[in-house]
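Asks: One structure coming up, written as structure tokens, with questions to follow.
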2 protein chains.
Amino acid sequence: MPRAGLDPAAVVAAGAALADEVGLAGLTMGLLAERVGVRTPSLYKHVGGQEDLNRRIAVLALHEAADAVGSAVQGYAGRDALAAAARAFRAFVLEHPGRYAATIGMEPSGPDDPLATAGQRLLDAFTAVLRGYEIAESDVDHALRMLRSLCHGFATLQAGNGFQWSADIDESFEWLIAFTDRGLRAM
Amino acid sequence: MPRAGLDPAAVVAAGAALADEVGLAGLTMGLLAERVGVRTPSLYKHVGGQEDLNRRIAVLALHEAADAVGSAVQGYAGRDALAAAARAFRAFVLEHPGRYAATIGMEPSGPDDPLATAGQRLLDAFTAVLRGYEIAESDVDHALRMLRSLCHGFATLQAGNGFQWSADIDESFEWLIAFTDRGLRAM
DNA sequence: AAGCCAAGTTAATCGGATTAGCTTTTAGCT
DNA sequence: AGCTAAAAGCTAATCCGATTAACTTGGCTT
């Protein structure tokens, strides 16, 4: 009986990939075990259970999203940076709906929770975008929350097929970027 | 043994209330049965199962949200209407996080699906807000999607404790309304 | 070569959803 | 008032997925 050579990272990565394929709700321990070539109970040697698995997938997703947004923004400022960040974020959510869904409603247990660290990295990436605008110190937090709400809302609505009408979705997203840019520049 | 006098509407209403209390994920058939004073299998006389129950809760939630936003907007226009609609929507989501969560990622099966009708009513309520601004016909759809994304994003992030920092959340929301109003008026 | 630990395995257990089949209430009809 | 059939309940049984217990073995250390 050959060893599968698993470790927590491999299990989490496979779980995230599977969640993207079948949806977070469809991610079962049995399906994941089959995917990594092992019997179901063996997964418990690497992760604590379904809740722990979801948490780890969320951490992975937040780090990946932060990387994607962070590197998309490199070398840009102002509107270009805003557009690059927003597009990168939306692209990430649409390509990885399952793992992104794992991040929703997940609360860090404390400041040293890896989840908090990962979430902070994503926030930092968006904060960098705002530095390209003339925003009063007291407005930065509000603007950050707006950016996050817009990106999160748009991406999750689209991922869940929440937009039912005819107009082109990409066009709406670009419109939304332009709208936000105008507003931020007018401050 | 006395009849409980249930019907589908009563079961769905109780399910929605329970979802608000324990979270959508915590809503089990057993818990709901206990709540309405009946054994678990009896619920199946009124709803088709858990998926059907979730769908019906979603329809209820969308109608209630549309009612809330629609009546909040009555008699207002422009910025006042925008503020009233946004506040009503957010209040609804925060007071009824469970039933609102049921609406996420739920796709209507066709144009005559009650879910489509209910969703359209909510959209119509937001569309009414936009009529108070001078927006080109070609921009209305985009603006509507932005409004929906903003409200949905902000409310769900807050409901899921997605905002971790210090700044006051109500203040951020008012800031966001002002920002959007300025942008819409500048079109 | 002995021995230990991590990674696997099989066999149970447990809880929640759902189905089957039976009983009883109750609305509608005569 | 009495008949009857559908609706609304119930108990018992099944199924499936998560999790735990207890055993086995591969692979490295000493």
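Note on naming: chains are A, B, ... as they come in the structure tokens, residues start from 1 per chain, ligands start from 1 in the order shown.
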Tell me which protein, DNA and RNA residues are within 12 Å of Pro111 in chain B, counting only C-alpha atoms (C1' of nucleotides), leaving out same-chain ones fewer than 5 positions away, and put them as a short mmCIF file (atom, residue, chain, number, x, y, z; two decimals) with N, CA and C atoms, in the first residue's frame.

Replies:
```
data_model
loop_
_atom_site.label_atom_id
_atom_site.label_comp_id
_atom_site.auth_asym_id
_atom_site.auth_seq_id
_atom_site.Cartn_x
_atom_site.Cartn_y
_atom_site.Cartn_z
N GLN A 164 -29.45 39.58 -13.77
CA GLN A 164 -30.33 38.85 -14.68
C GLN A 164 -30.58 39.54 -16.00
N TRP A 165 -30.29 40.85 -16.02
CA TRP A 165 -30.73 41.54 -17.23
C TRP A 165 -29.76 41.43 -18.37
N ALA B 116 -37.87 34.92 -9.70
CA ALA B 116 -37.58 35.98 -10.67
C ALA B 116 -38.48 37.19 -10.41
N THR B 117 -39.75 36.91 -10.16
CA THR B 117 -40.70 37.99 -9.89
C THR B 117 -40.27 38.79 -8.67
N ALA B 118 -39.93 38.07 -7.61
CA ALA B 118 -39.55 38.74 -6.37
C ALA B 118 -38.27 39.56 -6.56
N GLY B 119 -37.31 38.98 -7.26
CA GLY B 119 -36.07 39.69 -7.51
C GLY B 119 -36.31 40.95 -8.33
N GLN B 120 -37.22 40.83 -9.27
CA GLN B 120 -37.52 41.99 -10.12
C GLN B 120 -38.12 43.12 -9.29
#
```

Asks: Counting only C-alpha atoms (C1' of nucleotides), which residues in chain C sit no more than 12 Å from chain B? For each one, give the nearest pair of atoms and the distance in Å, sorted by chain then residue number, as JSON lines.

Replies:
```
{"residue": "C:DG15", "atom": "C1'", "partner": "B:Gly30", "partner_atom": "CA", "distance": 10.4}
{"residue": "C:DG16", "atom": "C1'", "partner": "B:Thr28", "partner_atom": "CA", "distance": 7.4}
{"residue": "C:DA17", "atom": "C1'", "partner": "B:Met29", "partner_atom": "CA", "distance": 7.7}
{"residue": "C:DT18", "atom": "C1'", "partner": "B:Pro41", "partner_atom": "CA", "distance": 8.0}
{"residue": "C:DT19", "atom": "C1'", "partner": "B:Pro41", "partner_atom": "CA", "distance": 9.2}
{"residue": "C:DA20", "atom": "C1'", "partner": "B:Pro41", "partner_atom": "CA", "distance": 11.3}
{"residue": "C:DT23", "atom": "C1'", "partner": "B:Met1", "partner_atom": "CA", "distance": 10.8}
{"residue": "C:DT24", "atom": "C1'", "partner": "B:Met1", "partner_atom": "CA", "distance": 8.4}
{"residue": "C:DT25", "atom": "C1'", "partner": "B:Arg3", "partner_atom": "CA", "distance": 7.6}
{"residue": "C:DT26", "atom": "C1'", "partner": "B:Arg3", "partner_atom": "CA", "distance": 10.0}
```

Asks: Kindly export the residues of the current selection with C-alpha atoms (C1' of nucleotides), as a compact mmCIF listing (two decimals), in the first residue's frame.

Replies:
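Wrote it out as again-v1.txt, contents follow:
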```txt
# COMPACT_ATOMS: atom_id res chain seq x y z
C1' DG C 15 -26.72 13.09 13.16
C1' DG C 16 -29.60 15.03 9.71
C1' DA C 17 -32.44 14.39 5.40
C1' DT C 18 -35.67 11.79 3.23
C1' DT C 19 -39.02 7.94 2.12
C1' DA C 20 -42.55 4.34 3.13
C1' DT C 23 -53.55 6.46 11.31
C1' DT C 24 -56.59 10.19 12.16
C1' DT C 25 -58.64 14.44 11.51
C1' DT C 26 -61.69 17.25 8.92
```

Asks: Give me, as number ranges by chain, the contact residues of chain B against chain A at a cut-off of 9 Å, counting only C-alpha atoms.

Replies: B: 104-107, 116, 139, 141-143, 145-169, 171-173, 175-176, 179-180, 182-184

Asks: Could the residues in this selection be saved with N, CA and C atoms as a compact mmCIF listing (two decimals), in the first residue's frame?

Replies:
```
# COMPACT_ATOMS: atom_id res chain seq x y z
N ILE B 104 -28.76 34.42 -1.74
CA ILE B 104 -27.47 34.51 -2.42
C ILE B 104 -27.21 33.26 -3.23
N GLY B 105 -26.87 33.45 -4.47
CA GLY B 105 -26.53 32.33 -5.33
C GLY B 105 -27.72 31.50 -5.75
N MET B 106 -28.90 32.08 -5.60
CA MET B 106 -30.13 31.36 -5.98
C MET B 106 -30.57 31.83 -7.37
N GLU B 107 -30.60 30.93 -8.31
CA GLU B 107 -30.96 31.33 -9.67
C GLU B 107 -32.39 30.94 -10.01
N ALA B 116 -37.87 34.92 -9.70
CA ALA B 116 -37.58 35.98 -10.67
C ALA B 116 -38.48 37.19 -10.41
N ASP B 139 -27.02 54.48 -19.29
CA ASP B 139 -26.26 54.29 -18.05
C ASP B 139 -27.09 53.68 -16.93
N ASP B 141 -28.77 50.89 -16.50
CA ASP B 141 -28.47 49.51 -16.11
C ASP B 141 -27.17 49.43 -15.32
N HIS B 142 -26.17 50.15 -15.78
CA HIS B 142 -24.89 50.12 -15.09
C HIS B 142 -25.03 50.70 -13.68
N ALA B 143 -25.72 51.82 -13.59
CA ALA B 143 -25.88 52.46 -12.28
C ALA B 143 -26.65 51.54 -11.32
N ARG B 145 -26.71 48.28 -11.38
CA ARG B 145 -25.82 47.21 -10.93
C ARG B 145 -24.85 47.72 -9.88
N MET B 146 -24.40 48.95 -10.06
CA MET B 146 -23.48 49.49 -9.06
C MET B 146 -24.18 49.62 -7.71
N LEU B 147 -25.38 50.15 -7.74
CA LEU B 147 -26.14 50.33 -6.50
C LEU B 147 -26.34 48.99 -5.79
N ARG B 148 -26.72 48.02 -6.59
CA ARG B 148 -26.98 46.71 -6.03
C ARG B 148 -25.70 46.11 -5.46
N SER B 149 -24.61 46.25 -6.21
CA SER B 149 -23.33 45.70 -5.74
C SER B 149 -22.90 46.37 -4.44
N LEU B 150 -23.03 47.66 -4.40
CA LEU B 150 -22.63 48.39 -3.20
C LEU B 150 -23.43 47.96 -1.99
N CYS B 151 -24.74 48.00 -2.13
CA CYS B 151 -25.61 47.65 -1.00
C CYS B 151 -25.40 46.20 -0.58
N HIS B 152 -25.39 45.32 -1.57
CA HIS B 152 -25.20 43.90 -1.27
C HIS B 152 -23.84 43.66 -0.64
N GLY B 153 -22.82 44.23 -1.23
CA GLY B 153 -21.47 44.04 -0.71
C GLY B 153 -21.32 44.57 0.69
N PHE B 154 -21.76 45.77 0.91
CA PHE B 154 -21.59 46.37 2.24
C PHE B 154 -22.36 45.57 3.29
N ALA B 155 -23.61 45.30 2.97
CA ALA B 155 -24.46 44.62 3.95
C ALA B 155 -23.96 43.21 4.25
N THR B 156 -23.56 42.47 3.23
CA THR B 156 -23.11 41.11 3.50
C THR B 156 -21.76 41.09 4.20
N LEU B 157 -20.89 42.03 3.84
CA LEU B 157 -19.61 42.08 4.55
C LEU B 157 -19.85 42.39 6.02
N GLN B 158 -20.74 43.34 6.27
CA GLN B 158 -20.99 43.66 7.68
C GLN B 158 -21.66 42.49 8.40
N ALA B 159 -22.65 41.88 7.75
CA ALA B 159 -23.36 40.77 8.38
C ALA B 159 -22.39 39.63 8.69
N GLY B 160 -21.39 39.44 7.85
CA GLY B 160 -20.43 38.36 8.08
C GLY B 160 -19.22 38.83 8.87
N ASN B 161 -19.33 39.99 9.47
CA ASN B 161 -18.23 40.53 10.26
C ASN B 161 -16.96 40.73 9.45
N GLY B 162 -17.17 41.11 8.19
CA GLY B 162 -16.04 41.27 7.30
C GLY B 162 -15.25 42.55 7.52
N PHE B 163 -15.81 43.47 8.29
CA PHE B 163 -15.10 44.72 8.56
C PHE B 163 -14.40 44.60 9.90
N GLN B 164 -13.09 44.67 9.85
CA GLN B 164 -12.38 44.37 11.08
C GLN B 164 -11.82 45.58 11.78
N TRP B 165 -11.74 46.69 11.04
CA TRP B 165 -11.01 47.79 11.66
C TRP B 165 -11.87 48.62 12.57
N SER B 166 -11.29 49.71 12.93
CA SER B 166 -11.86 50.51 13.99
C SER B 166 -13.00 51.44 13.57
N ALA B 167 -12.85 52.06 12.42
CA ALA B 167 -13.78 53.13 12.07
C ALA B 167 -15.25 52.71 12.21
N ASP B 168 -16.08 53.65 12.52
CA ASP B 168 -17.49 53.40 12.75
C ASP B 168 -18.19 52.96 11.46
N ILE B 169 -18.93 51.87 11.55
CA ILE B 169 -19.50 51.30 10.35
C ILE B 169 -20.67 52.14 9.82
N GLU B 171 -21.00 55.27 10.10
CA GLU B 171 -20.41 56.45 9.48
C GLU B 171 -19.90 56.13 8.07
N SER B 172 -19.29 54.96 7.94
CA SER B 172 -18.82 54.55 6.61
C SER B 172 -19.99 54.44 5.64
N PHE B 173 -21.09 53.93 6.14
CA PHE B 173 -22.23 53.72 5.25
C PHE B 173 -22.80 55.07 4.78
N TRP B 175 -21.12 57.80 4.56
CA TRP B 175 -20.09 58.33 3.67
C TRP B 175 -20.29 57.77 2.26
N LEU B 176 -20.56 56.48 2.23
CA LEU B 176 -20.75 55.78 0.96
C LEU B 176 -21.99 56.30 0.22
N PHE B 179 -21.04 59.67 -1.20
CA PHE B 179 -20.14 59.48 -2.34
C PHE B 179 -20.93 59.12 -3.60
N THR B 180 -21.84 58.17 -3.43
CA THR B 180 -22.62 57.72 -4.57
C THR B 180 -23.52 58.84 -5.09
N ARG B 182 -23.06 62.10 -4.90
CA ARG B 182 -22.24 63.07 -5.64
C ARG B 182 -21.94 62.55 -7.04
N GLY B 183 -21.55 61.29 -7.11
CA GLY B 183 -21.22 60.72 -8.41
C GLY B 183 -22.39 60.70 -9.37
N LEU B 184 -23.54 60.35 -8.84
CA LEU B 184 -24.73 60.26 -9.71
C LEU B 184 -25.17 61.65 -10.16
```

Asks: List the spatial neighbours of Ala10 in chain B as a count of residues only - criterion: any atom at most 12 Å away, only C-alpha atoms (C1' of nucleotides), same-chain residues fewer than 6 positions off excluded.

Replies: 15

Asks: Which residues are near DC3 in chain D? Cut-off 12 Å, only C-alpha atoms (C1' of nucleotides), ignore same chain within fewer than 6 positions. Put them as an MDAnalysis selection string.

Replies: chainID C and resid 28:30

Asks: Restricting it to N, CA and C atoms (P, O5', C5', C4', C3', O3' and C1' of nucleotides), dump the selection as a PDB file, in the first residue's frame.

Replies:
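Saved as result26.pdb:
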```pdb
ATOM      1  P    DG C  28     -64.762  22.712   2.626  1.00  0.00           P
ATOM      2  O5'  DG C  28     -65.512  21.518   1.888  1.00  0.00           O
ATOM      3  C5'  DG C  28     -64.734  20.560   1.166  1.00  0.00           C
ATOM      4  C4'  DG C  28     -65.657  19.531   0.557  1.00  0.00           C
ATOM      5  C3'  DG C  28     -66.999  20.113   0.110  1.00  0.00           C
ATOM      6  O3'  DG C  28     -67.400  19.409  -1.057  1.00  0.00           O
ATOM      7  C1'  DG C  28     -67.398  18.452   1.726  1.00  0.00           C
ATOM      8  P    DC C  29     -68.606  20.017  -1.913  1.00  0.00           P
ATOM      9  O5'  DC C  29     -69.572  18.754  -1.915  1.00  0.00           O
ATOM     10  C5'  DC C  29     -68.980  17.461  -2.121  1.00  0.00           C
ATOM     11  C4'  DC C  29     -69.920  16.377  -1.622  1.00  0.00           C
ATOM     12  C3'  DC C  29     -71.396  16.592  -2.026  1.00  0.00           C
ATOM     13  O3'  DC C  29     -71.855  15.443  -2.704  1.00  0.00           O
ATOM     14  C1'  DC C  29     -71.214  16.042   0.274  1.00  0.00           C
ATOM     15  P    DT C  30     -73.199  15.612  -3.595  1.00  0.00           P
ATOM     16  O5'  DT C  30     -74.202  14.690  -2.782  1.00  0.00           O
ATOM     17  C5'  DT C  30     -73.769  13.369  -2.398  1.00  0.00           C
ATOM     18  C4'  DT C  30     -74.717  12.799  -1.357  1.00  0.00           C
ATOM     19  C3'  DT C  30     -76.194  13.072  -1.643  1.00  0.00           C
ATOM     20  O3'  DT C  30     -76.887  11.840  -1.738  1.00  0.00           O
ATOM     21  C1'  DT C  30     -75.652  13.585   0.622  1.00  0.00           C
TER      22       DT C  30
END
```

Asks: Enumerate, in order of chain and increasing residue number, the residues of chain B with an atom no farther than 8 Å from chain D, each with its shortest atom pair and distance in Å to one decimal, counting only C-alpha atoms (C1' of nucleotides), as CSV.

Replies:
```
residue,atom,partner,partner_atom,distance
B:Arg3,CA,D:DA8,C1',7.3
B:Arg39,CA,D:DC10,C1',7.6
B:Ser42,CA,D:DG9,C1',6.3
B:Lys45,CA,D:DA8,C1',7.1
```

Asks: Go ahead and save the picked residues with N, CA and C atoms, as a PDB file, in the first residue's frame.

Replies:
```pdb
ATOM      1  N   ARG B   3     -54.212  18.794  15.513  1.00  0.00           N
ATOM      2  CA  ARG B   3     -53.524  19.258  14.308  1.00  0.00           C
ATOM      3  C   ARG B   3     -52.786  20.556  14.594  1.00  0.00           C
ATOM      4  N   ARG B  39     -43.380  16.646  14.218  1.00  0.00           N
ATOM      5  CA  ARG B  39     -42.222  15.790  13.987  1.00  0.00           C
ATOM      6  C   ARG B  39     -41.631  16.079  12.604  1.00  0.00           C
ATOM      7  N   SER B  42     -43.188  15.432   9.064  1.00  0.00           N
ATOM      8  CA  SER B  42     -44.432  16.138   8.754  1.00  0.00           C
ATOM      9  C   SER B  42     -44.179  17.392   7.926  1.00  0.00           C
ATOM     10  N   LYS B  45     -44.928  17.481   4.238  1.00  0.00           N
ATOM     11  CA  LYS B  45     -46.286  17.651   3.708  1.00  0.00           C
ATOM     12  C   LYS B  45     -46.478  19.074   3.191  1.00  0.00           C
TER      13      LYS B  45
END
```

Asks: What does the distance between CA of Ala65 in chain B and CA of Val12 in chain B come to in Å, to one decimal place?

Replies: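 Atom-to-atom, CA of Ala65 in chain B to CA of Val12 in chain B, that is 15.9 Å.
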
Asks: Give me, as a count of residues only, the residues of range 148-179 of chain A that a backbone DSSP run labels alpha helix (DSSP H).

Replies: 23

Asks: Can you pull out every residue within 9 Å of Ala84 in chain B, counting only C-alpha atoms (C1' of nucleotides), but drop anything in the same chain fewer than 4 positions away, and send it as JSON, numbers by chain?

Replies: {"B": [69, 72, 73, 76, 79, 80, 88, 89]}

Asks: Can you spit out the residues from that selection as a PDB file, in the first residue's frame, using C-alpha atoms?

Replies:
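The new file part.pdb reads:
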```
ATOM      1  CA  VAL B  69     -36.992  49.590   0.156  1.00  0.00           C
ATOM      2  CA  ALA B  72     -38.815  53.749   2.507  1.00  0.00           C
ATOM      3  CA  VAL B  73     -38.458  55.612  -0.760  1.00  0.00           C
ATOM      4  CA  TYR B  76     -38.499  61.139  -1.505  1.00  0.00           C
ATOM      5  CA  ARG B  79     -30.320  62.058  -2.487  1.00  0.00           C
ATOM      6  CA  ASP B  80     -33.039  61.530   0.099  1.00  0.00           C
ATOM      7  CA  ALA B  88     -33.689  50.368   4.439  1.00  0.00           C
ATOM      8  CA  PHE B  89     -31.860  47.688   2.509  1.00  0.00           C
TER       9      PHE B  89
END
```

Asks: Rounded to one decimal, what separation in Å do you get between CA of Ser71 in chain A and CA of Arg131 in chain A?

Replies: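 Going from CA of Ser71 in chain A over to CA of Arg131 in chain A, I get 15.7 Å.
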
Asks: Expressed in Å to a single decimal, how great is the separation between CA of Leu122 in chain B and CA of Ala66 in chain B?

Replies: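 Spanning CA of Leu122 in chain B to CA of Ala66 in chain B is a straight-line distance of 4.2 Å.
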
Asks: Taking into account only C-alpha atoms, which residue in the set A:Ala68, A:Gly75, A:Leu82, A:Ala58 is nearest to Val129 in chain A?

Replies: A:Leu82
